[in-house]
Amino acid sequence: MTSLEPRTPSGRESGDYFVRRARTADVAAIRRLLDGYARDRILLSKETVTLYEDIQEFWVAQASGSGDVIGCGALHVMWEDLAEVRTLATSPEWRGLGVGHALLTRLLKAAKELGVARVFCLTFEVRFFERHGFERVDGTPVPPDVYAQLLRSYDEGVAEFLDLDRVKPNTLGNVRMIRRIDG
Ligand SMILES: CC(C)(COP(=O)(O)OP(=O)(O)OC[C@H]1O[C@@H](n2cnc3c(N)ncnc32)[C@H](O)[C@@H]1OP(=O)(O)O)[C@@H](O)C(=O)NCCC(=O)NCCS
């Protein structure tokens, strides 16, 4: 397995960025990261108001030198034992340098702190998530009573998790993946 320690590309030092909780002032940068990938239908787009409403779910990676936000990711709790990693994005020029790994590691730690037993994601980045312990899953891995409760959610990501017909065009080609969180 390749080391996931950040590489040291020319002009950048190892440890050149850090991961922290997002603040409201980060929404503009999150917006830009999201728009870049939503244009190609890689990520689900979100209204700016939703980004503000969800800011407490977000973590960002910040470049130490410039202070720029170079990555983001969110953990959305869906049920007692279930959460979703969503809107995980690294700025194109920083990809392959461990930023995604650092963000996902922090989100998985947050899942553990919250007491969540399983984390779901919907992604094209199958290899990346496999390397972080995720496995492909078919269907919607919740019992019928929980499914019925989740149907009451207004959240678009939950609709995608439930694989509802109205959101299927958004998720074409995405792979459903899940991993357990050790208690
Ligand atoms: C998925 C995503 C967030 C990963 O971000 P990233 O910052 O490039 O992630 P990392 O640098 O940690 O890892 C990317 C690759 O670089 C490799 N890498 C990282 N550090 C490395 C190192 N020191 N040596 C060798 N390879 C390294 C990793 O092994 C990884 O390879 P893999 O994808 O085959 O597992 C990014 O590709 C992205 O923004 N994609 C678009 C949005 C998306 O699809 N999000 C997921 C759904 S929510």
# chains A, B, ... in the order shown; residues from 1 in each chain; ligands from 1
$ residues_near_ligand --ligand "ligand 1" --cutoff "8 Å" --atoms "only C-alpha atoms and all ligand atoms" --output "NGL selection string"
:A and (2-8 or 37 or 42-43 or 71 or 73 or 85-92 or 94-102 or 121-132)
$ write_last_selection --atoms "C-alpha atoms" --output "PDB file, in the first residue's frame"
ATOM      1  CA  THR A   2       1.332   3.430  -0.906  1.00  0.00           C
ATOM      2  CA  SER A   3       2.060   5.732   2.014  1.00  0.00           C
ATOM      3  CA  LEU A   4      -0.625   8.342   2.404  1.00  0.00           C
ATOM      4  CA  GLU A   5       1.753  10.781   4.085  1.00  0.00           C
ATOM      5  CA  PRO A   6       1.636  14.064   2.170  1.00  0.00           C
ATOM      6  CA  ARG A   7       4.203  14.289  -0.624  1.00  0.00           C
ATOM      7  CA  THR A   8       6.613  17.170  -0.820  1.00  0.00           C
ATOM      8  CA  TYR A  37     -16.996  19.675  -9.347  1.00  0.00           C
ATOM      9  CA  ILE A  42     -19.135  14.905  -9.839  1.00  0.00           C
ATOM     10  CA  LEU A  43     -20.637  16.479  -6.716  1.00  0.00           C
ATOM     11  CA  GLY A  71     -10.266  21.393   0.454  1.00  0.00           C
ATOM     12  CA  GLY A  73     -15.668  17.839   3.408  1.00  0.00           C
ATOM     13  CA  VAL A  85     -19.376  11.732   3.970  1.00  0.00           C
ATOM     14  CA  ARG A  86     -20.352  14.369   1.429  1.00  0.00           C
ATOM     15  CA  THR A  87     -18.964  17.359  -0.457  1.00  0.00           C
ATOM     16  CA  LEU A  88     -15.426  16.036  -0.027  1.00  0.00           C
ATOM     17  CA  ALA A  89     -13.369  18.095  -2.470  1.00  0.00           C
ATOM     18  CA  THR A  90      -9.759  19.090  -2.966  1.00  0.00           C
ATOM     19  CA  SER A  91      -8.796  22.059  -5.083  1.00  0.00           C
ATOM     20  CA  PRO A  92      -7.542  20.638  -8.438  1.00  0.00           C
ATOM     21  CA  TRP A  94      -3.681  20.279  -4.594  1.00  0.00           C
ATOM     22  CA  ARG A  95      -4.983  16.848  -5.588  1.00  0.00           C
ATOM     23  CA  GLY A  96      -2.786  13.836  -4.899  1.00  0.00           C
ATOM     24  CA  LEU A  97      -0.999  15.524  -1.980  1.00  0.00           C
ATOM     25  CA  GLY A  98      -2.877  13.923   0.907  1.00  0.00           C
ATOM     26  CA  VAL A  99      -5.451  16.692   1.471  1.00  0.00           C
ATOM     27  CA  GLY A 100      -8.403  14.371   0.783  1.00  0.00           C
ATOM     28  CA  HIS A 101      -6.873  11.746   3.062  1.00  0.00           C
ATOM     29  CA  ALA A 102      -6.443  14.290   5.875  1.00  0.00           C
ATOM     30  CA  CYS A 121     -20.665   7.751   0.554  1.00  0.00           C
ATOM     31  CA  LEU A 122     -21.754   8.066  -3.045  1.00  0.00           C
ATOM     32  CA  THR A 123     -18.785   8.605  -5.307  1.00  0.00           C
ATOM     33  CA  PHE A 124     -16.820   8.141  -8.516  1.00  0.00           C
ATOM     34  CA  GLU A 125     -13.605   7.971  -6.440  1.00  0.00           C
ATOM     35  CA  VAL A 126     -13.924   4.259  -5.687  1.00  0.00           C
ATOM     36  CA  ARG A 127     -10.208   3.520  -5.255  1.00  0.00           C
ATOM     37  CA  PHE A 128      -9.687   6.458  -2.900  1.00  0.00           C
ATOM     38  CA  PHE A 129     -12.550   5.348  -0.646  1.00  0.00           C
ATOM     39  CA  GLU A 130     -11.536   1.663  -0.826  1.00  0.00           C
ATOM     40  CA  ARG A 131      -8.141   2.717   0.466  1.00  0.00           C
ATOM     41  CA  HIS A 132      -9.950   4.201   3.430  1.00  0.00           C
TER      42      HIS A 132
END
$ residues_around --residues "range 104-117 of chain A" --least-positions-apart "2" --cutoff "7 Å" --atoms "only C-alpha atoms" --output "list in words"
Ala74, Leu75, Glu80, Asp81, Leu82, Ala83, Gly100, His101, Ala102, Arg180, Ile181, Asp182 and Gly183 of chain A
$ write_last_selection --atoms "C-alpha atoms" --output "PDB file, in the first residue's frame"
ATOM      1  CA  ALA A  74     -18.763  17.274   5.505  1.00  0.00           C
ATOM      2  CA  LEU A  75     -20.231  14.567   7.669  1.00  0.00           C
ATOM      3  CA  GLU A  80     -28.470   6.764  15.051  1.00  0.00           C
ATOM      4  CA  ASP A  81     -25.904   4.466  13.487  1.00  0.00           C
ATOM      5  CA  LEU A  82     -25.442   6.089  10.088  1.00  0.00           C
ATOM      6  CA  ALA A  83     -23.778   9.153   8.588  1.00  0.00           C
ATOM      7  CA  GLY A 100      -8.403  14.371   0.783  1.00  0.00           C
ATOM      8  CA  HIS A 101      -6.873  11.746   3.062  1.00  0.00           C
ATOM      9  CA  ALA A 102      -6.443  14.290   5.875  1.00  0.00           C
ATOM     10  CA  ARG A 180     -17.866   0.474   9.562  1.00  0.00           C
ATOM     11  CA  ILE A 181     -16.520   2.637  12.350  1.00  0.00           C
ATOM     12  CA  ASP A 182     -15.006   0.645  15.187  1.00  0.00           C
ATOM     13  CA  GLY A 183     -16.494   1.594  18.540  1.00  0.00           C
TER      14      GLY A 183
END
$ closest_residue --among "A:Asp16, A:Ala63, A:Arg41, A:Pro141" --to "Gly173 in chain A" --atoms "only C-alpha atoms"
A:Arg41
$ select_by_dssp --residues "range 26-102 of chain A" --states "strand (DSSP E or B)" --output "list in words"
Phe58, Trp59, Val60, Ala61, Gln62, Ala63, Val69, Ile70, Gly71, Cys72, Gly73, Ala74, Leu75, His76, Val77, Met78, Trp79, Leu82, Ala83, Glu84, Val85, Arg86, Thr87, Leu88, Ala89 and Thr90 of chain A
$ closest_residue --among "A:Arg176, A:Phe134, A:Arg23, A:Asp145" --to "Leu51 in chain A" --atoms "only C-alpha atoms"
A:Arg23
